[in-house]
2 protein chains.
Amino acid sequence: MNDVAHRSFLDRLAQAVGRAQVLTDPQETAPYCTDWRRQYSARAECVVRPASADEVAQVVRLCAHEGVAVVPQGGNTGLCGGSVPTGTRREIVLSLARLNRIRDLDTLNNAITVEAGCVLASIQAAAQASGRLFPLSLGAEGSCQIGGNLSTNAGGVNVLRYGNAREQVLGLEVVLPDGRIWDGLRGLRKDNTGYDLKQLFLGAEGTLGVITAAVLKLHPQPAATATAWIAVEAPQRAVELLAALRARLGDRLTAFELVSRVCLDAVLARVPGTRDPLGAAHPWYVLAEVSDVGEPAALAASVERALTDSAESGEIRDATLAASEAQAAALWRLRETIPEAQFRNVKHDVSVPVSKVPALIDEASRAIERAFPGGVVYAFGHIGDGNIHYNVGASDPEANEALMRGRAAVNAVVYEVVAALGGSISAEHGLGQLKREEIRRHKDPLELELMRALKKALDPAGIMNPGKVI
Amino acid sequence: MNDVAHRSFLDRLAQAVGRAQVLTDPQETAPYCTDWRRQYSARAECVVRPASADEVAQVVRLCAHEGVAVVPQGGNTGLCGGSVPTGTRREIVLSLARLNRIRDLDTLNNAITVEAGCVLASIQAAAQASGRLFPLSLGAEGSCQIGGNLSTNAGGVNVLRYGNAREQVLGLEVVLPDGRIWDGLRGLRKDNTGYDLKQLFLGAEGTLGVITAAVLKLHPQPAATATAWIAVEAPQRAVELLAALRARLGDRLTAFELVSRVCLDAVLARVPGTRDPLGAAHPWYVLAEVSDVGEPAALAASVERALTDSAESGEIRDATLAASEAQAAALWRLRETIPEAQFRNVKHDVSVPVSKVPALIDEASRAIERAFPGGVVYAFGHIGDGNIHYNVGASDPEANEALMRGRAAVNAVVYEVVAALGGSISAEHGLGQLKREEIRRHKDPLELELMRALKKALDPAGIMNPGKVI
């Protein structure tokens with residue numbers, strides 16, 4: 001790049017957002033240029049931190065004019081390298097962190113209008129303060145930002161009841177690749193006046209435009225929550241239990257998470273202060289959460305009856321119901337610390353129809369055992385959504401590192417099983433840089449062609465987050 | 001059109017679908033060429049009735065080759081002329097009625113795979129036979145087809161709890177404008193491997209491709225339903241009651257419909273066998289339906305307690321809870337026969353944020369009274385979704401016909417109020433031919449530009465349902 005042109009570009013960016021918000025010092029820009037898992041790292045020309053949609057629009061216009069790529073970034077907690085530069089061309093990181101106002105909260109419309117840089121937990125808190133629930137909930141909620149959640153169509157633990165991030169959205173404000181602002185910030189539950197444009201930008205990982213604000217749905221705040229830790233013989237029993245509990249408890253069932261004994265052992269060994277909630281060891285567990293308006297005691301009683309019946313009919317091996325919020329938190333901790341308890345291994349975020357999860361786990365585990373004898377499978381996750389985090393490591397550290405180096409071969413074994421079951425190789429984490437190549441092997445060429453047609457229609461110059469998704 | 005070319009085209013269509021399924025006799029084609037409200041009628045070159053996605057693909061390929069427009073049609077129950085020919089160019093009607101198989105029902109995945117021509121009620125029945133609920137429900141359910149429901153993103157009475165048609169869909173099979181088949185029939189609850197292509201075709205009214213099959217979500221089948229007819233002072237009270245009931249009953253509240261006294265009077269006068277459920281007259285009513293798994297008696301008791309409390313605090317004027325299924329059906333009949341009880345007048349299907357419905361009704365009614373003294377407003381509909389059917393007529397038949405002839409002026413008055421409140425001029429009925437011109441006055445030009453860019457990217461030759469939507 002030409003140095004004079006570069007300086008003049010920085011000057012114009014500084015005019016748009018203020019000099020202090022154009023970061024070029026490598027020490028300042030470093031946190032923006034490396035992803036959370038430290039798998040991707042590349043220099044950007046600068047990091048720009050606008051404070052409003054108008055400033056975002058000015059920055060994008062300048063980039064479009066200059067042919068500089070725009071890498072939108074929220075909390076930078078993504079797992080696929082979607083929010084950091086690629087280092088392959090002129091790029092800036094566009095941080096949305098300063099667009100962090102809650103613009104409106106309308107309790108009668110059950111809707112909240114937020115800017116892209118709002119931290120997810122702050123939106124949950126604002127909803128709760130108004131007696132409402134914003135149900136999107138995931139591990140990174142204390143630092144991830146809603147713009148990133150929407151751009152990756154985040155999942156999390158409440159999808160069973162409330163759906164993915166996409167389903168929380170009533171309206172969007174988006175800066176388009178040419179720097180124009182599309183104001184689609186409508187709080188309507190029904191609007192059939194043409195193509196639903198907001199759907200394009202949700203889950204597009206910033207490749208079609210920059211989400212700057214959103215109107216999100218709120219729900220009634222549950223007054224009662226019951227949390228159960230349930231031991232089952234096998235994943236098939238978990239799937240049948242899900243159907244049985246939904247028949248009895250309906251949509252009160254808000255989370256239904258699978259944990260293998262291998263995962264629990266890793267947590268018990270490596271996470272301080274954890275203990276096995278049940279007296280004996282079991283091969284598989286379900287962490288179920290049930291919530292409702294109304295009396296906590298009534299809810300707990302109905303969950304207890306359902307579990308007692310399931311135990312008597314032999315569907316489950318054992319179960320315990322949290323007797324306090326502290327106990328419930330301890331159960332959730334067993335689930336939520338699984339990622340840190342088995343941090344270094346070959347990760348897969350896959351989904352199949354819920355009915356096919358048992359086949360996925362059986363067949364993939366047999367295939368892994370054949371291809372990588374001694375491989376250890378850590379299977380856990382949102383079985384209620386058919387979404388399993390299926391990670392493969394080895395007990396011996398050297399063997400584990402060898403697996404990590406040869407991860408492509410491990411991926412291939414797992415993805416082959418997933419494909420045969422009609423599944424997806426990225427259930428909730430997106431594609432980013434990590435799976436951009438991989439997806440070409442798995443996706444129908446016609447689908448890739450349609451995606452490219454959309455990209456070309458909306459971002460003909462290709463400046464929005466290039467090198468990600470497609 | 002050249003007669004020889006026309007006959008050769010018909011021959012090739014006949015080769016694709018069988019001679020008996022290419023209708024050209026005006027008596028046979030007439031029902032396909034006029035819309036349900038008899039507002040739009042035009043000749044098509046023929047009506048083609050394929051029996052499979054492959055046959056649809058062959059037909060579309062032939063039309064693409066010949067430059068003939070394709071008008072996809074399901075049950076032809078739409079209210080905006082979206083499923084009939086325009087008469088402005090060479091067109092065929094593509095009836096999906098023979099694609100009427102239920103391909104799969106997976107209770108453990110809570111999903112059903114259906115072809116586009118399945119009648120909505122048949123899908124509801126198949127779900128129910130498996131102990132599941134398919135929640136999409138609307139007046140035309142006995143004859144409308146799911147392909148049309150999805151293409152118009154249909155609403156109906158259960159949107160409050162379950163969302164619009166769009167939200168029922170896990171996967172789609174679509175014949176693209178060039179005749180290729182996109183197989184997106186996945187039963188996954190999470191799949192973040194790129195742009196969510198199915199969203200393009202949902203609600204596109206057949207202008208981007210032909211939906212031939214879908215994987216739809218199923219829900220637990222409620223075992224208990226409580227139906228209440230509630231009198232309130234004003235729409236504002238209805239909106240507040242909605243918030244109060246949701247706080248107490250959560251998402252058990254599945255329907256929340258507004259009915260004005262004017263509408264009830266029209267029903268009582270013109271629909272045989274109807275009677276006022278309450279002793280005295282009231283200005284506004286809410287028909288609320290609450291449903292749940294579990295004991296019917298417990299549900300009825302909790303609804304009764306909620307209504308008693310609301311009555312004691314003066315939030316509502318009176319209420320009655322249906323004591324039997326027959327009574328519940330009678331209450332629903334009061335709501336569902338409103339369209340036939342006031343068939344000939346100037347109709348609007350509008351939405352605003354739920355919190356703005358009272359302002360919509362107040363302000364529009366004042367504006368109508370000013371502009372058309374003596375005008376009678378029939379306001380009713382899905383207030384829980386912010387969606388009001390706001391129809392304007394006159395008691396005097398001649399004055400009513402004058403209003404009908406000058407409907408554009410009535411539209412203008414109502415739409416101005418809707419626009420000022422950030423609303424939509426087509427909440428659940430779509431645009432079709434009826435509102436295609438109108439929408440240009442109301443929609444942001446940037447939004448129309450984006451819609452045209454999508455249309456051009458997917459259907460560059462413009463053969464899919466031209467003259468509709470954009």
# chains A, B, ... in the order shown; residues from 1 in each chain; ligands from 1
>>> residues_around(residues="A:Ala127", least_positions_apart="5", cutoff="12 Å", atoms="only C-alpha atoms", output="count of residues only")
24
>>> select_by_dssp(residues="stretch 246-290 of chain B", states="strand (DSSP E)", output="number ranges by chain")
B: 253-260, 284-290
>>> closest_residue(among="A:Asp183, A:Asp349, A:Glu173, A:Glu240", to="A:Gly314", atoms="only C-alpha atoms")
A:Glu240
>>> residues_around(residues="A:Val157", least_positions_apart="5", cutoff="7 Å", atoms="only C-alpha atoms", output="count of residues only")
4
>>> atom_distance(atom1="atom CA of A:Lys198", atom2="atom CA of A:Asp459")
15.4 Å
>>> select_by_dssp(residues="stretch 28-96 of chain A", states="helix (DSSP H, G or I)", output="ChimeraX atom specification")
/A:28-33,53-66
>>> write_last_selection(atoms="N, CA, C and O atoms", output="PDB file, in the first residue's frame")
ATOM      1  N   GLU A  28      -2.200  -1.431  20.849  1.00  0.00           N
ATOM      2  CA  GLU A  28      -3.635  -1.169  20.985  1.00  0.00           C
ATOM      3  C   GLU A  28      -4.470  -2.039  20.056  1.00  0.00           C
ATOM      4  O   GLU A  28      -5.582  -2.447  20.394  1.00  0.00           O
ATOM      5  N   THR A  29      -3.959  -2.296  18.859  1.00  0.00           N
ATOM      6  CA  THR A  29      -4.779  -3.019  17.886  1.00  0.00           C
ATOM      7  C   THR A  29      -4.718  -4.545  18.081  1.00  0.00           C
ATOM      8  O   THR A  29      -5.609  -5.259  17.621  1.00  0.00           O
ATOM      9  N   ALA A  30      -3.685  -5.009  18.786  1.00  0.00           N
ATOM     10  CA  ALA A  30      -3.476  -6.461  18.901  1.00  0.00           C
ATOM     11  C   ALA A  30      -4.724  -7.231  19.375  1.00  0.00           C
ATOM     12  O   ALA A  30      -5.089  -8.252  18.780  1.00  0.00           O
ATOM     13  N   PRO A  31      -5.413  -6.763  20.439  1.00  0.00           N
ATOM     14  CA  PRO A  31      -6.565  -7.545  20.910  1.00  0.00           C
ATOM     15  C   PRO A  31      -7.675  -7.664  19.861  1.00  0.00           C
ATOM     16  O   PRO A  31      -8.461  -8.607  19.897  1.00  0.00           O
ATOM     17  N   TYR A  32      -7.713  -6.715  18.939  1.00  0.00           N
ATOM     18  CA  TYR A  32      -8.746  -6.735  17.894  1.00  0.00           C
ATOM     19  C   TYR A  32      -8.350  -7.636  16.727  1.00  0.00           C
ATOM     20  O   TYR A  32      -9.158  -7.918  15.863  1.00  0.00           O
ATOM     21  N   CYS A  33      -7.065  -7.979  16.683  1.00  0.00           N
ATOM     22  CA  CYS A  33      -6.549  -8.646  15.481  1.00  0.00           C
ATOM     23  C   CYS A  33      -6.309 -10.139  15.673  1.00  0.00           C
ATOM     24  O   CYS A  33      -5.849 -10.830  14.761  1.00  0.00           O
ATOM     25  N   ALA A  53     -24.476   4.848  14.155  1.00  0.00           N
ATOM     26  CA  ALA A  53     -24.689   4.272  12.830  1.00  0.00           C
ATOM     27  C   ALA A  53     -24.200   5.225  11.745  1.00  0.00           C
ATOM     28  O   ALA A  53     -23.644   4.790  10.732  1.00  0.00           O
ATOM     29  N   ASP A  54     -24.388   6.529  11.976  1.00  0.00           N
ATOM     30  CA  ASP A  54     -23.906   7.499  10.990  1.00  0.00           C
ATOM     31  C   ASP A  54     -22.391   7.421  10.826  1.00  0.00           C
ATOM     32  O   ASP A  54     -21.876   7.482   9.709  1.00  0.00           O
ATOM     33  N   GLU A  55     -21.698   7.311  11.946  1.00  0.00           N
ATOM     34  CA  GLU A  55     -20.234   7.184  11.858  1.00  0.00           C
ATOM     35  C   GLU A  55     -19.834   5.873  11.179  1.00  0.00           C
ATOM     36  O   GLU A  55     -18.895   5.840  10.391  1.00  0.00           O
ATOM     37  N   VAL A  56     -20.557   4.796  11.491  1.00  0.00           N
ATOM     38  CA  VAL A  56     -20.283   3.524  10.803  1.00  0.00           C
ATOM     39  C   VAL A  56     -20.441   3.716   9.296  1.00  0.00           C
ATOM     40  O   VAL A  56     -19.607   3.279   8.498  1.00  0.00           O
ATOM     41  N   ALA A  57     -21.527   4.399   8.925  1.00  0.00           N
ATOM     42  CA  ALA A  57     -21.796   4.618   7.502  1.00  0.00           C
ATOM     43  C   ALA A  57     -20.660   5.402   6.844  1.00  0.00           C
ATOM     44  O   ALA A  57     -20.216   5.069   5.737  1.00  0.00           O
ATOM     45  N   GLN A  58     -20.167   6.443   7.534  1.00  0.00           N
ATOM     46  CA  GLN A  58     -19.058   7.227   6.975  1.00  0.00           C
ATOM     47  C   GLN A  58     -17.813   6.368   6.784  1.00  0.00           C
ATOM     48  O   GLN A  58     -17.123   6.454   5.757  1.00  0.00           O
ATOM     49  N   VAL A  59     -17.539   5.535   7.788  1.00  0.00           N
ATOM     50  CA  VAL A  59     -16.349   4.671   7.709  1.00  0.00           C
ATOM     51  C   VAL A  59     -16.480   3.698   6.541  1.00  0.00           C
ATOM     52  O   VAL A  59     -15.539   3.517   5.750  1.00  0.00           O
ATOM     53  N   VAL A  60     -17.649   3.077   6.418  1.00  0.00           N
ATOM     54  CA  VAL A  60     -17.834   2.098   5.340  1.00  0.00           C
ATOM     55  C   VAL A  60     -17.747   2.794   3.983  1.00  0.00           C
ATOM     56  O   VAL A  60     -17.157   2.266   3.028  1.00  0.00           O
ATOM     57  N   ARG A  61     -18.300   4.000   3.886  1.00  0.00           N
ATOM     58  CA  ARG A  61     -18.210   4.740   2.621  1.00  0.00           C
ATOM     59  C   ARG A  61     -16.750   5.019   2.248  1.00  0.00           C
ATOM     60  O   ARG A  61     -16.352   4.830   1.098  1.00  0.00           O
ATOM     61  N   LEU A  62     -15.980   5.439   3.240  1.00  0.00           N
ATOM     62  CA  LEU A  62     -14.559   5.693   2.972  1.00  0.00           C
ATOM     63  C   LEU A  62     -13.855   4.423   2.513  1.00  0.00           C
ATOM     64  O   LEU A  62     -13.064   4.440   1.578  1.00  0.00           O
ATOM     65  N   CYS A  63     -14.159   3.316   3.173  1.00  0.00           N
ATOM     66  CA  CYS A  63     -13.531   2.034   2.806  1.00  0.00           C
ATOM     67  C   CYS A  63     -13.954   1.607   1.403  1.00  0.00           C
ATOM     68  O   CYS A  63     -13.144   1.105   0.623  1.00  0.00           O
ATOM     69  N   ALA A  64     -15.257   1.793   1.118  1.00  0.00           N
ATOM     70  CA  ALA A  64     -15.753   1.405  -0.210  1.00  0.00           C
ATOM     71  C   ALA A  64     -15.030   2.219  -1.284  1.00  0.00           C
ATOM     72  O   ALA A  64     -14.610   1.693  -2.316  1.00  0.00           O
ATOM     73  N   HIS A  65     -14.865   3.513  -1.011  1.00  0.00           N
ATOM     74  CA  HIS A  65     -14.202   4.399  -1.958  1.00  0.00           C
ATOM     75  C   HIS A  65     -12.751   3.986  -2.175  1.00  0.00           C
ATOM     76  O   HIS A  65     -12.225   4.033  -3.296  1.00  0.00           O
ATOM     77  N   GLU A  66     -12.125   3.562  -1.098  1.00  0.00           N
ATOM     78  CA  GLU A  66     -10.696   3.237  -1.121  1.00  0.00           C
ATOM     79  C   GLU A  66     -10.441   1.778  -1.502  1.00  0.00           C
ATOM     80  O   GLU A  66      -9.297   1.379  -1.724  1.00  0.00           O
TER      81      GLU A  66
END
>>> closest_residue(among="A:Ala281, A:Val70, A:Ala5, A:Leu202", to="A:Arg317", atoms="only C-alpha atoms")
A:Ala281
>>> residues_around(residues="stretch 359-365 of chain B", least_positions_apart="3", cutoff="10 Å", atoms="only C-alpha atoms", output="PyMOL selection string")
chain B and resi 234-236+350-356+368-371+375-380+386+388+390+392+413-421+423
>>> residues_around(residues="A:Thr225", least_positions_apart="3", cutoff="10 Å", atoms="only C-alpha atoms", output="PyMOL selection string")
chain A and resi 222+252-254+289-297+299-300+322+324-325+328
>>> write_last_selection(atoms="all heavy atoms", output="compact mmCIF listing (two decimals), in the first residue's frame")
# COMPACT_ATOMS: atom_id res chain seq x y z
N PRO A 222 -40.07 -15.70 33.54
CA PRO A 222 -40.49 -16.84 34.37
C PRO A 222 -40.27 -16.52 35.85
O PRO A 222 -39.31 -15.85 36.21
CB PRO A 222 -39.56 -17.98 33.94
CG PRO A 222 -38.95 -17.54 32.65
CD PRO A 222 -38.94 -16.04 32.68
N ARG A 252 -42.62 -25.53 28.80
CA ARG A 252 -41.92 -25.14 30.02
C ARG A 252 -40.47 -25.61 29.98
O ARG A 252 -39.61 -25.06 30.64
CB ARG A 252 -42.60 -25.76 31.23
CG ARG A 252 -43.95 -25.18 31.60
CD ARG A 252 -44.56 -25.99 32.72
NE ARG A 252 -45.91 -25.58 33.04
CZ ARG A 252 -46.98 -25.94 32.35
NH1 ARG A 252 -46.84 -26.68 31.27
NH2 ARG A 252 -48.17 -25.52 32.71
N LEU A 253 -40.22 -26.67 29.20
CA LEU A 253 -38.87 -27.21 29.09
C LEU A 253 -38.02 -26.22 28.29
O LEU A 253 -38.23 -26.04 27.09
CB LEU A 253 -38.95 -28.55 28.37
CG LEU A 253 -37.78 -29.52 28.51
CD1 LEU A 253 -37.55 -29.90 29.97
CD2 LEU A 253 -38.07 -30.78 27.71
N THR A 254 -37.09 -25.53 28.97
CA THR A 254 -36.34 -24.47 28.28
C THR A 254 -34.93 -24.91 27.90
O THR A 254 -34.34 -24.32 27.00
CB THR A 254 -36.26 -23.21 29.15
OG1 THR A 254 -35.98 -23.58 30.49
CG2 THR A 254 -37.58 -22.46 29.13
N GLU A 289 -33.71 -27.97 32.24
CA GLU A 289 -34.24 -26.82 32.97
C GLU A 289 -35.66 -26.56 32.50
O GLU A 289 -35.97 -26.60 31.31
CB GLU A 289 -33.39 -25.58 32.75
CG GLU A 289 -33.81 -24.45 33.69
CD GLU A 289 -32.77 -23.36 33.77
OE1 GLU A 289 -31.82 -23.50 34.56
OE2 GLU A 289 -32.92 -22.37 33.04
N VAL A 290 -36.51 -26.34 33.49
CA VAL A 290 -37.93 -26.13 33.23
C VAL A 290 -38.28 -24.81 33.87
O VAL A 290 -37.88 -24.54 34.99
CB VAL A 290 -38.75 -27.28 33.88
CG1 VAL A 290 -40.22 -27.12 33.60
CG2 VAL A 290 -38.24 -28.63 33.39
N SER A 291 -38.98 -23.94 33.16
CA SER A 291 -39.33 -22.66 33.77
C SER A 291 -40.75 -22.26 33.41
O SER A 291 -41.31 -22.73 32.42
CB SER A 291 -38.33 -21.58 33.37
OG SER A 291 -38.38 -21.37 32.00
N ASP A 292 -41.31 -21.41 34.23
CA ASP A 292 -42.73 -21.08 34.09
C ASP A 292 -43.02 -19.82 34.89
O ASP A 292 -42.29 -19.48 35.81
CB ASP A 292 -43.57 -22.25 34.64
CG ASP A 292 -45.01 -22.23 34.12
OD1 ASP A 292 -45.36 -21.31 33.35
OD2 ASP A 292 -45.77 -23.12 34.49
N VAL A 293 -44.08 -19.14 34.50
CA VAL A 293 -44.65 -18.14 35.40
C VAL A 293 -45.33 -18.93 36.52
O VAL A 293 -45.46 -20.13 36.44
CB VAL A 293 -45.68 -17.27 34.64
CG1 VAL A 293 -44.99 -16.46 33.55
CG2 VAL A 293 -46.78 -18.11 34.06
N GLY A 294 -45.77 -18.25 37.56
CA GLY A 294 -46.51 -18.95 38.62
C GLY A 294 -45.63 -19.48 39.73
O GLY A 294 -44.46 -19.14 39.85
N GLU A 295 -46.21 -20.34 40.56
CA GLU A 295 -45.60 -20.81 41.80
C GLU A 295 -44.42 -21.76 41.60
O GLU A 295 -44.58 -22.81 40.98
CB GLU A 295 -46.67 -21.56 42.61
CG GLU A 295 -47.60 -20.65 43.38
CD GLU A 295 -46.80 -19.72 44.29
OE1 GLU A 295 -45.97 -20.23 45.10
OE2 GLU A 295 -46.98 -18.49 44.19
N PRO A 296 -43.25 -21.44 42.17
CA PRO A 296 -42.11 -22.36 42.07
C PRO A 296 -42.42 -23.75 42.63
O PRO A 296 -42.01 -24.75 42.05
CB PRO A 296 -41.03 -21.66 42.89
CG PRO A 296 -41.38 -20.21 42.83
CD PRO A 296 -42.88 -20.15 42.79
N ALA A 297 -43.16 -23.82 43.73
CA ALA A 297 -43.40 -25.12 44.36
C ALA A 297 -44.21 -26.02 43.42
O ALA A 297 -43.94 -27.22 43.30
CB ALA A 297 -44.13 -24.93 45.69
N LEU A 299 -44.30 -25.92 40.18
CA LEU A 299 -43.47 -26.36 39.05
C LEU A 299 -42.54 -27.49 39.50
O LEU A 299 -42.43 -28.52 38.84
CB LEU A 299 -42.65 -25.18 38.52
CG LEU A 299 -41.76 -25.53 37.32
CD1 LEU A 299 -42.61 -25.81 36.09
CD2 LEU A 299 -40.77 -24.41 37.03
N ALA A 300 -41.90 -27.29 40.65
CA ALA A 300 -40.98 -28.32 41.15
C ALA A 300 -41.72 -29.64 41.35
O ALA A 300 -41.22 -30.71 41.00
CB ALA A 300 -40.34 -27.87 42.46
N ALA A 322 -32.51 -29.76 41.74
CA ALA A 322 -31.86 -28.73 42.57
C ALA A 322 -32.86 -28.19 43.59
O ALA A 322 -33.98 -27.86 43.23
CB ALA A 322 -31.35 -27.60 41.69
N SER A 324 -32.19 -25.54 45.54
CA SER A 324 -31.94 -24.12 45.77
C SER A 324 -31.30 -23.54 44.52
O SER A 324 -30.84 -24.28 43.63
CB SER A 324 -30.97 -23.94 46.95
OG SER A 324 -29.70 -24.49 46.60
N GLU A 325 -31.24 -22.21 44.47
CA GLU A 325 -30.57 -21.58 43.33
C GLU A 325 -29.09 -21.94 43.29
O GLU A 325 -28.52 -22.11 42.21
CB GLU A 325 -30.73 -20.05 43.41
CG GLU A 325 -32.06 -19.59 42.86
CD GLU A 325 -32.14 -18.08 42.74
OE1 GLU A 325 -31.12 -17.43 42.42
OE2 GLU A 325 -33.25 -17.54 42.97
N ALA A 328 -28.80 -25.30 41.75
CA ALA A 328 -29.03 -25.20 40.31
C ALA A 328 -27.79 -24.65 39.62
O ALA A 328 -27.35 -25.15 38.57
CB ALA A 328 -30.25 -24.33 40.02
>>> closest_residue(among="B:Leu208, B:Leu264, B:Ala367, B:Met464", to="chain A", atoms="only C-alpha atoms")
B:Leu208
>>> residues_around(residues="A:Thr274", least_positions_apart="2", cutoff="12 Å", atoms="only C-alpha atoms", output="list in words")
Leu264, Asp265, Ala266, Val267, Leu268, Ala269, Arg270, Val271, Pro272, Asp276, Pro277, Gln327, Ala329, Ala330, Leu331, Trp332, Arg333, Leu334, Arg335, Glu336, Thr337, Ile338 and Ala341 of chain A
>>> residues_around(residues="B:Gly406", least_positions_apart="5", cutoff="12 Å", atoms="only C-alpha atoms", output="list in words")
Asn345, Val346, Ala371, Phe372, Val392, Gly393, Ala399, Asn400, Glu401, Asn411, Ala412 and Val413 of chain B
>>> write_last_selection(atoms="all heavy atoms", output="short mmCIF file (atom, residue, chain, number, x, y, z; two decimals), in the first residue's frame")
data_model
loop_
_atom_site.label_atom_id
_atom_site.label_comp_id
_atom_site.auth_asym_id
_atom_site.auth_seq_id
_atom_site.Cartn_x
_atom_site.Cartn_y
_atom_site.Cartn_z
N ASN B 345 -66.76 -3.98 1.92
CA ASN B 345 -66.34 -2.66 2.38
C ASN B 345 -64.86 -2.49 2.04
O ASN B 345 -64.29 -3.32 1.34
CB ASN B 345 -66.64 -2.47 3.88
CG ASN B 345 -66.06 -3.60 4.73
OD1 ASN B 345 -65.02 -4.14 4.40
ND2 ASN B 345 -66.76 -3.94 5.80
N VAL B 346 -64.28 -1.41 2.51
CA VAL B 346 -62.88 -1.14 2.15
C VAL B 346 -61.97 -1.73 3.22
O VAL B 346 -62.00 -1.31 4.38
CB VAL B 346 -62.63 0.39 2.01
CG1 VAL B 346 -61.20 0.64 1.52
CG2 VAL B 346 -63.65 0.99 1.05
N ALA B 371 -62.94 12.62 7.22
CA ALA B 371 -62.89 12.54 5.76
C ALA B 371 -64.16 11.95 5.16
O ALA B 371 -64.56 12.31 4.05
CB ALA B 371 -61.67 11.72 5.32
N PHE B 372 -64.77 11.02 5.88
CA PHE B 372 -65.96 10.32 5.35
C PHE B 372 -67.04 10.26 6.42
O PHE B 372 -67.27 9.20 7.02
CB PHE B 372 -65.59 8.90 4.90
CG PHE B 372 -64.42 8.85 3.97
CD1 PHE B 372 -63.15 8.56 4.43
CD2 PHE B 372 -64.59 9.14 2.62
CE1 PHE B 372 -62.07 8.54 3.59
CE2 PHE B 372 -63.50 9.13 1.75
CZ PHE B 372 -62.24 8.82 2.24
N VAL B 392 -63.59 -0.28 6.48
CA VAL B 392 -64.43 0.92 6.49
C VAL B 392 -65.58 0.75 5.50
O VAL B 392 -65.35 0.46 4.32
CB VAL B 392 -63.61 2.18 6.13
CG1 VAL B 392 -64.49 3.43 6.20
CG2 VAL B 392 -62.41 2.33 7.05
N GLY B 393 -66.80 0.93 5.99
CA GLY B 393 -67.98 0.86 5.13
C GLY B 393 -68.96 1.98 5.50
O GLY B 393 -68.58 2.94 6.18
N ALA B 399 -74.12 4.68 -0.17
CA ALA B 399 -72.92 5.32 0.37
C ALA B 399 -71.79 4.30 0.46
O ALA B 399 -70.61 4.62 0.20
CB ALA B 399 -73.21 5.92 1.74
N ASN B 400 -72.13 3.07 0.79
CA ASN B 400 -71.13 2.00 0.89
C ASN B 400 -70.47 1.74 -0.47
O ASN B 400 -69.25 1.63 -0.57
CB ASN B 400 -71.78 0.72 1.41
CG ASN B 400 -70.76 -0.29 1.88
OD1 ASN B 400 -70.00 -0.02 2.82
ND2 ASN B 400 -70.72 -1.45 1.23
N GLU B 401 -71.31 1.68 -1.52
CA GLU B 401 -70.77 1.45 -2.86
C GLU B 401 -69.88 2.62 -3.29
O GLU B 401 -68.86 2.41 -3.95
CB GLU B 401 -71.90 1.20 -3.87
CG GLU B 401 -72.61 -0.13 -3.68
CD GLU B 401 -71.66 -1.33 -3.60
OE1 GLU B 401 -70.83 -1.50 -4.50
OE2 GLU B 401 -71.74 -2.08 -2.59
N ASN B 411 -58.11 4.20 1.71
CA ASN B 411 -56.78 3.64 1.96
C ASN B 411 -55.80 4.72 2.41
O ASN B 411 -55.08 4.55 3.39
CB ASN B 411 -56.20 3.00 0.69
CG ASN B 411 -56.98 1.79 0.18
OD1 ASN B 411 -56.84 1.40 -0.96
ND2 ASN B 411 -57.83 1.20 1.02
N ALA B 412 -55.81 5.82 1.68
CA ALA B 412 -54.83 6.87 1.95
C ALA B 412 -54.96 7.40 3.38
O ALA B 412 -53.95 7.61 4.07
CB ALA B 412 -54.98 8.01 0.94
N VAL B 413 -56.20 7.58 3.83
CA VAL B 413 -56.43 8.09 5.19
C VAL B 413 -55.89 7.09 6.22
O VAL B 413 -55.19 7.46 7.17
CB VAL B 413 -57.94 8.35 5.41
CG1 VAL B 413 -58.24 8.60 6.88
CG2 VAL B 413 -58.40 9.53 4.55
#
>>> atom_distance(atom1="atom CA of B:Arg405", atom2="atom CA of B:Arg37")
15.6 Å
>>> closest_residue(among="A:Ser95, A:Ser302, A:Gln73, A:Asn100", to="A:Val119", atoms="only C-alpha atoms")
A:Asn100
>>> closest_residue(among="B:Gln145, B:Thr227, B:Ser130, B:Gln342", to="chain A", atoms="only C-alpha atoms")
B:Ser130
>>> closest_residue(among="B:Glu205, B:Glu45, B:Glu141, B:Glu398", to="chain A", atoms="only C-alpha atoms")
B:Glu205
